[in-house]
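For reference, run_25.tsv (TSV, C-alpha atoms):
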```
chain	number	residue	atom	x	y	z
A	1	MET	CA	95.91	123.80	122.82
A	2	SER	CA	98.30	121.44	121.00
A	3	GLY	CA	97.28	118.68	118.63
A	4	PRO	CA	98.48	115.07	118.52
A	5	ALA	CA	102.17	114.23	118.21
A	6	LEU	CA	103.58	114.47	114.71
A	7	HIS	CA	105.73	112.00	112.83
A	8	LEU	CA	108.52	113.96	111.17
A	9	ALA	CA	110.08	112.76	107.93
A	10	LEU	CA	113.09	114.33	106.25
A	11	GLU	CA	114.10	114.20	102.59
A	12	ILE	CA	117.89	113.87	102.49
A	13	ASP	CA	118.68	113.49	98.78
A	14	GLY	CA	121.50	115.61	97.47
A	15	ASP	CA	122.32	118.90	99.18
A	16	GLY	CA	118.77	120.16	99.60
A	17	ALA	CA	115.48	121.04	97.95
A	18	HIS	CA	116.85	123.99	95.97
A	19	PRO	CA	118.48	123.00	92.66
A	20	ALA	CA	121.50	125.20	93.51
A	21	ALA	CA	121.77	124.00	97.12
A	22	TRP	CA	125.19	122.52	96.42
A	23	ARG	CA	126.56	126.07	96.20
A	24	ARG	CA	125.97	126.54	99.96
A	25	ALA	CA	126.89	123.02	101.08
A	26	ALA	CA	129.37	122.73	103.95
A	27	HIS	CA	131.23	119.77	102.47
A	28	ALA	CA	133.70	119.58	99.62
A	29	PRO	CA	132.05	118.86	96.24
A	30	ASP	CA	133.59	115.40	96.02
A	31	ARG	CA	132.05	114.33	99.37
A	32	LEU	CA	128.40	114.31	98.28
A	33	LEU	CA	128.40	110.75	96.96
A	34	THR	CA	130.47	109.22	99.76
A	35	PRO	CA	129.20	106.73	102.36
A	36	ARG	CA	130.35	109.08	105.13
A	37	ARG	CA	127.99	111.78	103.86
A	38	VAL	CA	124.97	109.46	103.78
A	39	ALA	CA	125.73	108.03	107.22
A	40	GLY	CA	126.36	111.46	108.71
A	41	VAL	CA	123.08	112.99	107.57
A	42	ALA	CA	121.13	109.87	108.61
A	43	ALA	CA	122.75	109.93	112.06
A	44	VAL	CA	121.88	113.60	112.60
A	45	ALA	CA	118.27	112.93	111.61
A	46	GLU	CA	118.05	109.90	113.89
A	47	ASN	CA	119.60	111.68	116.86
A	48	ALA	CA	117.28	114.64	116.35
A	49	GLY	CA	114.25	112.33	116.61
A	50	PHE	CA	112.95	112.11	113.06
A	51	THR	CA	110.64	109.16	112.42
A	52	LEU	CA	111.71	108.68	108.82
A	53	ILE	CA	114.25	109.69	106.22
A	54	THR	CA	113.43	109.46	102.52
A	55	LEU	CA	115.79	109.40	99.55
A	56	GLU	CA	114.67	110.78	96.22
A	57	ASP	CA	115.68	108.91	93.07
A	58	GLY	CA	115.12	108.55	89.36
A	59	VAL	CA	116.92	107.18	86.36
A	60	LEU	CA	117.83	110.72	85.22
A	61	PRO	CA	120.11	113.05	87.21
A	62	PRO	CA	118.33	115.85	89.10
A	63	GLY	CA	118.95	119.47	88.23
A	64	ALA	CA	119.34	121.19	84.90
A	65	GLY	CA	121.51	123.77	83.18
A	66	PRO	CA	124.47	124.71	85.38
A	67	ASP	CA	123.21	122.66	88.34
A	68	PRO	CA	123.06	118.96	87.36
A	69	VAL	CA	123.71	116.61	90.27
A	70	GLY	CA	124.78	112.99	90.27
A	71	ARG	CA	123.37	110.49	92.74
A	72	ILE	CA	123.83	106.92	93.89
A	73	GLY	CA	120.75	104.67	93.71
A	74	ALA	CA	118.30	105.32	96.54
A	75	VAL	CA	117.98	101.65	97.54
A	76	GLU	CA	121.75	101.33	97.80
A	77	ARG	CA	122.01	104.49	99.92
A	78	ALA	CA	119.12	103.30	102.07
A	79	ALA	CA	120.83	99.97	102.71
A	80	PHE	CA	123.99	101.75	103.83
A	81	ALA	CA	122.02	104.11	106.08
A	82	ALA	CA	120.13	101.15	107.55
A	83	ALA	CA	123.37	99.51	108.62
A	84	SER	CA	124.57	102.67	110.35
A	85	THR	CA	121.34	103.58	112.20
A	86	SER	CA	119.08	101.81	114.68
A	87	THR	CA	115.74	103.60	115.10
A	88	VAL	CA	114.94	105.90	112.17
A	89	GLY	CA	112.80	104.57	109.34
A	90	ILE	CA	114.31	104.60	105.84
A	91	ALA	CA	112.24	104.88	102.67
A	92	PRO	CA	113.86	105.15	99.23
A	93	VAL	CA	111.99	106.45	96.22
A	94	VAL	CA	111.59	103.67	93.64
A	95	PRO	CA	109.46	104.47	90.58
A	96	VAL	CA	107.84	101.49	88.87
A	97	THR	CA	106.93	103.31	85.67
A	98	TYR	CA	109.59	101.23	83.89
A	99	ALA	CA	111.33	99.17	86.58
A	100	GLU	CA	110.25	95.52	86.95
A	101	PRO	CA	108.13	95.16	90.11
A	102	PHE	CA	109.55	91.68	90.75
A	103	HIS	CA	113.04	93.13	91.16
A	104	VAL	CA	111.78	96.18	93.06
A	105	SER	CA	109.93	93.97	95.56
A	106	SER	CA	113.08	91.89	96.10
A	107	GLN	CA	115.25	94.96	96.67
A	108	LEU	CA	112.80	96.43	99.16
A	109	ALA	CA	112.23	93.16	101.02
A	110	SER	CA	116.02	92.86	101.35
A	111	LEU	CA	116.16	96.41	102.72
A	112	ASP	CA	113.55	95.54	105.35
A	113	HIS	CA	115.64	92.55	106.44
A	114	ILE	CA	118.81	94.70	106.58
A	115	SER	CA	117.08	97.39	108.65
A	116	ALA	CA	115.30	94.90	110.96
A	117	GLY	CA	111.88	96.16	109.90
A	118	ARG	CA	112.48	99.89	109.45
A	119	ALA	CA	112.01	100.13	105.68
A	120	GLY	CA	109.44	101.96	103.63
A	121	TRP	CA	108.86	102.57	99.93
A	122	VAL	CA	108.03	105.92	98.35
A	123	VAL	CA	106.18	105.25	95.09
A	124	THR	CA	106.66	107.90	92.41
A	125	GLU	CA	106.61	108.14	88.63
A	126	GLU	CA	109.15	108.68	85.85
A	127	GLU	CA	107.47	111.50	83.95
A	128	LEU	CA	110.10	112.57	81.41
A	129	PRO	CA	110.33	110.80	78.03
A	130	GLU	CA	114.12	110.65	78.44
A	131	ALA	CA	113.55	108.14	81.25
A	132	ALA	CA	111.97	105.69	78.81
A	133	ARG	CA	114.98	105.95	76.52
A	134	ALA	CA	117.32	105.35	79.47
A	135	TRP	CA	115.41	102.15	80.30
A	136	GLY	CA	115.14	101.12	76.65
A	137	ARG	CA	111.37	100.92	77.04
A	138	PRO	CA	108.46	102.42	75.11
A	139	PRO	CA	107.41	105.67	76.80
A	140	VAL	CA	104.50	105.65	79.22
A	141	ALA	CA	103.29	108.98	78.00
A	142	ASP	CA	100.12	110.04	79.76
A	143	ALA	CA	99.28	110.52	83.41
A	144	SER	CA	96.65	107.79	83.52
A	145	ALA	CA	99.08	105.22	82.11
A	146	ARG	CA	101.77	106.22	84.61
A	147	ALA	CA	99.24	105.94	87.44
A	148	ARG	CA	98.30	102.46	86.14
A	149	GLU	CA	101.93	101.33	86.24
A	150	SER	CA	102.31	102.61	89.81
A	151	ARG	CA	99.06	100.94	90.87
A	152	ASN	CA	100.04	97.64	89.27
A	153	GLY	CA	103.57	97.82	90.67
A	154	VAL	CA	102.32	98.22	94.23
A	155	GLU	CA	99.81	95.40	93.76
A	156	VAL	CA	102.51	93.03	92.46
A	157	ALA	CA	105.05	93.95	95.15
A	158	ARG	CA	102.52	93.44	97.94
A	159	ALA	CA	101.51	90.06	96.54
A	160	LEU	CA	105.14	88.98	96.24
A	161	TRP	CA	105.87	89.99	99.85
A	162	ASP	CA	103.08	87.61	100.86
A	163	SER	CA	104.25	84.79	98.57
A	164	TRP	CA	106.39	83.47	101.43
A	165	GLU	CA	104.50	82.77	104.63
A	166	ASP	CA	106.22	83.91	107.80
A	167	ASP	CA	107.29	80.39	108.76
A	168	ALA	CA	108.24	79.19	105.26
A	169	VAL	CA	111.92	78.96	106.24
A	170	ILE	CA	112.26	75.99	108.61
A	171	ARG	CA	116.04	75.20	108.45
A	172	SER	CA	115.55	71.62	109.66
A	173	VAL	CA	118.89	69.84	109.92
A	174	ALA	CA	117.13	66.59	110.93
A	175	THR	CA	115.14	66.44	107.69
A	176	SER	CA	117.60	68.38	105.49
A	177	ARG	CA	114.82	70.80	104.61
A	178	TYR	CA	115.47	74.52	104.40
A	179	LEU	CA	112.03	75.51	103.15
A	180	ASP	CA	108.50	74.26	103.59
A	181	ARG	CA	107.37	74.45	99.98
A	182	GLU	CA	103.75	74.28	101.08
A	183	ARG	CA	104.23	77.75	102.54
A	184	LEU	CA	105.46	79.26	99.27
A	185	HIS	CA	102.80	80.58	96.92
A	186	TYR	CA	102.63	81.62	93.28
A	187	ILE	CA	101.10	84.93	92.37
A	188	ASP	CA	99.61	85.29	88.89
A	189	PHE	CA	99.47	88.84	87.60
A	190	THR	CA	99.01	89.92	84.00
A	191	GLY	CA	98.99	93.63	83.23
A	192	GLU	CA	99.17	95.66	80.03
A	193	THR	CA	102.96	95.80	79.94
A	194	TYR	CA	104.17	92.74	81.90
A	195	ALA	CA	103.19	89.53	83.67
A	196	VAL	CA	104.53	88.19	86.97
A	197	LYS	CA	104.29	84.71	88.43
A	198	GLY	CA	105.80	84.24	91.89
A	199	PRO	CA	106.93	83.28	94.38
A	200	ALA	CA	109.47	85.92	95.37
A	201	ILE	CA	113.15	85.07	95.81
A	202	VAL	CA	113.41	86.83	99.19
A	203	PRO	CA	111.59	85.65	102.35
A	204	ARG	CA	108.69	87.73	103.64
A	205	PRO	CA	109.88	91.06	105.06
A	206	PRO	CA	110.05	91.42	108.88
A	207	GLN	CA	107.16	93.90	108.72
A	208	GLY	CA	105.13	91.51	106.57
A	209	GLN	CA	104.51	94.42	104.22
A	210	LEU	CA	106.80	97.42	103.98
A	211	VAL	CA	105.23	100.79	104.67
A	212	VAL	CA	104.17	102.12	101.26
A	213	LEU	CA	104.09	105.90	100.87
A	214	GLY	CA	102.91	107.99	97.96
A	215	ARG	CA	100.44	110.49	96.60
A	216	PRO	CA	96.81	109.30	96.75
A	217	ASP	CA	96.13	111.00	93.41
A	218	ARG	CA	98.75	108.76	91.79
A	219	VAL	CA	98.29	105.48	93.67
A	220	PRO	CA	94.88	104.39	95.00
A	221	ALA	CA	94.59	104.97	98.73
A	222	ALA	CA	93.93	101.25	99.23
A	223	GLY	CA	97.49	100.55	98.07
A	224	LEU	CA	99.11	103.09	100.41
A	225	ASP	CA	99.84	103.12	104.12
A	226	VAL	CA	100.85	106.78	104.12
A	227	GLY	CA	99.59	109.48	101.79
A	228	PHE	CA	101.65	112.57	100.95
A	229	VAL	CA	99.42	115.63	100.59
A	230	GLU	CA	100.19	119.11	99.34
A	231	GLY	CA	98.72	122.60	99.56
A	232	ARG	CA	100.02	126.14	99.54
A	233	ASP	CA	98.50	126.98	102.93
A	234	PRO	CA	97.35	125.08	106.03
A	235	ALA	CA	93.71	125.18	104.94
A	236	ALA	CA	94.55	123.55	101.61
A	237	VAL	CA	96.67	120.94	103.38
A	238	ALA	CA	93.83	120.18	105.80
A	239	SER	CA	91.39	119.75	102.90
A	240	ALA	CA	93.78	117.42	101.04
A	241	ALA	CA	94.40	115.42	104.21
A	242	ALA	CA	90.68	114.94	104.80
A	243	ALA	CA	90.28	113.60	101.26
A	244	ALA	CA	93.38	111.36	101.23
A	245	GLY	CA	91.70	108.16	102.44
A	246	THR	CA	94.99	106.61	103.62
A	247	PRO	CA	95.65	105.22	107.12
A	248	ARG	CA	98.26	107.94	107.76
A	249	VAL	CA	98.78	111.33	106.13
A	250	LEU	CA	101.98	113.39	105.91
A	251	ALA	CA	102.02	116.97	104.62
A	252	GLU	CA	104.79	118.05	102.26
A	253	ILE	CA	106.59	121.21	103.46
A	254	GLU	CA	109.57	123.00	101.96
A	255	VAL	CA	111.56	124.88	104.59
A	256	ALA	CA	114.20	127.60	104.62
A	257	LEU	CA	115.14	128.68	108.13
A	258	ASP	CA	116.95	131.61	109.64
A	259	THR	CA	120.51	130.67	110.59
A	260	PRO	CA	123.10	132.54	112.68
A	261	GLU	CA	124.81	133.61	109.46
A	262	ALA	CA	121.82	134.73	107.36
A	263	THR	CA	118.07	135.00	107.34
A	264	ALA	CA	116.03	132.50	105.42
A	265	ALA	CA	115.01	135.16	102.90
A	266	GLU	CA	118.64	136.11	102.31
A	267	ARG	CA	119.61	132.51	101.74
A	268	VAL	CA	116.78	131.96	99.25
A	269	ALA	CA	117.70	135.16	97.42
A	270	ASP	CA	121.36	134.11	97.25
A	271	LEU	CA	120.49	130.79	95.61
A	272	GLY	CA	117.93	132.52	93.40
A	273	ARG	CA	120.80	134.26	91.61
A	274	HIS	CA	121.75	130.87	90.18
A	275	ALA	CA	118.45	129.03	89.71
A	276	ALA	CA	114.77	129.38	90.51
A	277	TRP	CA	113.24	127.42	93.39
A	278	SER	CA	110.35	125.99	91.39
A	279	ASP	CA	106.86	126.12	92.85
A	280	ARG	CA	105.55	122.55	93.26
A	281	GLY	CA	102.33	123.56	94.95
A	282	ARG	CA	103.62	122.70	98.40
A	283	LEU	CA	103.37	124.62	101.63
A	284	ARG	CA	106.60	126.61	101.92
A	285	HIS	CA	108.00	128.10	105.13
A	286	ILE	CA	110.67	130.78	104.82
A	287	GLY	CA	111.44	132.23	108.24
A	288	SER	CA	112.38	131.43	111.81
A	289	ALA	CA	112.43	128.15	113.68
A	290	GLU	CA	109.84	129.54	116.10
A	291	GLN	CA	107.44	130.28	113.26
A	292	LEU	CA	107.91	126.78	111.88
A	293	VAL	CA	107.07	125.29	115.28
A	294	LEU	CA	103.84	127.29	115.32
A	295	LEU	CA	103.00	126.13	111.79
A	296	LEU	CA	103.61	122.48	112.69
A	297	SER	CA	101.51	122.89	115.83
A	298	GLU	CA	98.64	124.11	113.65
A	299	LEU	CA	99.08	121.27	111.16
A	300	SER	CA	99.09	118.65	113.93
A	301	ARG	CA	95.32	119.04	114.13
A	302	HIS	CA	94.93	117.86	110.53
A	303	VAL	CA	97.76	115.46	109.63
A	304	ASP	CA	99.71	112.62	111.24
A	305	GLY	CA	103.04	114.14	110.30
A	306	VAL	CA	105.04	116.15	107.82
A	307	ARG	CA	107.84	115.51	105.37
A	308	LEU	CA	110.32	118.37	105.42
A	309	HIS	CA	112.32	119.37	102.33
A	310	PRO	CA	115.11	121.68	103.57
A	311	LEU	CA	116.44	124.41	101.29
A	312	VAL	CA	120.04	123.37	102.09
A	313	LEU	CA	120.59	120.33	104.28
A	314	ASP	CA	123.87	121.52	105.76
A	315	GLU	CA	122.30	124.80	106.88
A	316	ASP	CA	118.71	123.87	107.74
A	317	LEU	CA	119.17	120.45	109.37
A	318	PRO	CA	121.26	121.84	112.27
A	319	VAL	CA	118.53	124.41	112.97
A	320	LEU	CA	115.87	121.71	112.84
A	321	SER	CA	117.92	119.58	115.23
A	322	ARG	CA	118.79	122.33	117.72
A	323	LEU	CA	115.65	124.44	117.74
A	324	VAL	CA	112.64	122.92	115.99
A	325	LEU	CA	112.48	119.31	117.23
A	326	PRO	CA	113.38	120.21	120.86
A	327	ALA	CA	110.63	122.85	120.86
A	328	LEU	CA	108.15	120.32	119.48
A	329	SER	CA	109.24	117.84	122.16
A	330	GLU	CA	108.58	120.42	124.87
A	331	ARG	CA	105.08	120.80	123.49
A	332	ARG	CA	104.75	117.01	123.21
A	333	LEU	CA	104.19	117.42	119.50
A	334	VAL	CA	106.81	115.04	118.12
A	335	ALA	CA	106.53	111.25	117.98
A	336	ARG	CA	109.98	109.68	118.41
A	337	PRO	CA	110.76	106.14	117.22
A	338	LEU	CA	111.90	103.68	119.88
A	339	PRO	CA	114.76	101.17	119.61
A	340	GLY	CA	113.68	97.78	118.34
A	341	THR	CA	110.43	99.12	116.88
A	342	SER	CA	109.45	98.57	113.26
A	343	LEU	CA	108.44	101.49	111.08
A	344	ARG	CA	104.90	100.11	110.92
A	345	SER	CA	104.70	100.01	114.72
A	346	THR	CA	106.16	103.50	115.05
A	347	LEU	CA	103.46	104.81	112.73
A	348	GLY	CA	100.76	102.88	114.60
A	349	LEU	CA	100.09	100.52	111.69
A	350	GLU	CA	99.29	96.86	112.32
A	351	ARG	CA	101.45	94.13	110.87
A	352	PRO	CA	99.22	92.65	108.12
A	353	ALA	CA	98.35	88.99	108.00
A	354	ASN	CA	99.66	87.00	105.05
A	355	ARG	CA	96.88	86.76	102.46
A	356	PHE	CA	97.75	83.16	101.56
A	357	ALA	CA	97.96	81.99	105.17
A	358	VAL	CA	94.56	83.55	105.83
A	359	ALA	CA	93.05	82.12	102.65
A	360	ALA	CA	94.09	78.51	103.32
A	361	PRO	CA	92.03	77.95	106.50
A	362	ALA	CA	89.10	79.73	104.88
A	363	ALA	CA	89.28	77.44	101.84
A	364	LEU	CA	89.46	74.39	104.09
A	365	GLU	CA	86.45	75.55	106.03
A	366	ASP	CA	84.50	76.14	102.79
A	367	ALA	CA	85.39	72.62	101.63
A	368	ARG	CA	83.75	71.21	104.72
```
Rewrite the structure of this file - the entire thing - as structure tokens.
Amino acid sequence: MSGPALHLALEIDGDGAHPAAWRRAAHAPDRLLTPRRVAGVAAVAENAGFTLITLEDGVLPPGAGPDPVGRIGAVERAAFAAASTSTVGIAPVVPVTYAEPFHVSSQLASLDHISAGRAGWVVTEEELPEAARAWGRPPVADASARARESRNGVEVARALWDSWEDDAVIRSVATSRYLDRERLHYIDFTGETYAVKGPAIVPRPPQGQLVVLGRPDRVPAAGLDVGFVEGRDPAAVASAAAAAGTPRVLAEIEVALDTPEATAAERVADLGRHAAWSDRGRLRHIGSAEQLVLLLSELSRHVDGVRLHPLVLDEDLPVLSRLVLPALSERRLVARPLPGTSLRSTLGLERPANRFAVAAPAALEDAR
């Protein structure tokens, strides 16, 4: 018996999850950072039926030793992908360990407008001390302090997204008024490392609040719409999902699939000659498409979806598109986004009311 339909997310940063994935990429080395590459991968994911694509990011380049990789900023890539797609959700990684939440909230609100309500935000942390030097900021050294910065950053961004009510922009030619200033609100946040007083400089996002994704052990579940959970086997994933406390839960899975040219194990071994595929504590599938379908069918009883991290995008994404998603569709195990639908709606999340618009009638009623 099959479980509920799954929302499938795909991480599309770089050439794949393996640090040496670029060695098996199908494109020329100088094509990785081109707009055509971003648009092409996003289009394949959308046509295959993925709910969401995510784009990893950080102030430091990924990879080490002989395998460093450059990247364009995730928000910039997401904006380009948004303009060349129509249904798939797009969620860049934006750490707020050092970045100013005011600017982050503006970037992400702009992305939601560009994508017509298909944007999300993956909250992560800058863990390496070199990141602090790159930002010119004092290091946020311990895990609790980094978690505090993520928690505060989400709180500030959410408040700023509400600082414009939905109907704040009136564009009245008759009265020469563009904005109703009564519908703009100041937030007042003071944390340990910064203070923010609104309102935002970008109107409220089409979704009201972008979909915020992250790890519940790093950001309180109350600040997240979607929790990423990990575990080395389905039982561990199920246990983590039950404890997540977020409205939706996606399991993290690293995948290496058999291809017509080589088995998954052969491909992993080939890349292992150059660099180790580090163990991040995630469920890892190395094998056939059919076995992956069975694994996802099992997980559908415990999670709302999965985020797949392919070994090599150019090799694994075609197999996912041709064999895995069609098989899941036959079993009615994949939830496909519909044209004109926001990411929140696709995930079954309600559009939240504006906190200031809700508070005003309540305050008036109390005054009576």
Out of A:Ala159, A:Ala132, A:Ile170, A:Val303, which residue has the shortest atom-to-atom distance to Ala240 in chain A when counting all atoms listed in the file?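 Among the listed residues, A:Val303 lies closest to Ala240 in chain A.
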Val123 in chain A environment, 7 Å, only C-alpha atoms, sequence neighbours closer than 2 positions dropped, as a VMD selection string: chain A and resid 93 to 95 121 213 to 214
Interatomic distance between CA of Glu182 in chain A and CA of Ala353 in chain A? 17.1 Å
Range 17-24 of chain A environment, 7 Å, only C-alpha atoms, sequence neighbours closer than 2 positions dropped, as a PDB file with C-alpha atoms, in the frame of the given file:
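Now in out_21.pdb:
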```pdb
ATOM      1  CA  ASP A  15     122.320 118.900  99.180  1.00  0.00           C
ATOM      2  CA  ALA A  26     129.370 122.730 103.950  1.00  0.00           C
ATOM      3  CA  GLY A  63     118.950 119.470  88.230  1.00  0.00           C
ATOM      4  CA  ASP A  67     123.210 122.660  88.340  1.00  0.00           C
ATOM      5  CA  LEU A 271     120.490 130.790  95.610  1.00  0.00           C
ATOM      6  CA  HIS A 274     121.750 130.870  90.180  1.00  0.00           C
ATOM      7  CA  ALA A 275     118.450 129.030  89.710  1.00  0.00           C
ATOM      8  CA  TRP A 277     113.240 127.420  93.390  1.00  0.00           C
ATOM      9  CA  HIS A 309     112.320 119.370 102.330  1.00  0.00           C
ATOM     10  CA  PRO A 310     115.110 121.680 103.570  1.00  0.00           C
ATOM     11  CA  LEU A 311     116.440 124.410 101.290  1.00  0.00           C
ATOM     12  CA  VAL A 312     120.040 123.370 102.090  1.00  0.00           C
TER      13      VAL A 312
END
```
Residues within 12 Å of (128.8, 108.9, 105.8), file coordinates, counting all atoms listed in the file: what are they? Give the list as a VMD selection string. chain A and resid 27 31 to 44 77 to 78 80 to 85
Within-12 Å shell of (111.1, 93.9, 87.0) in input frame, only C-alpha atoms, as a PyMOL selection string: chain A and resi 94-107+135+149+152-153+156-157+193-197+200
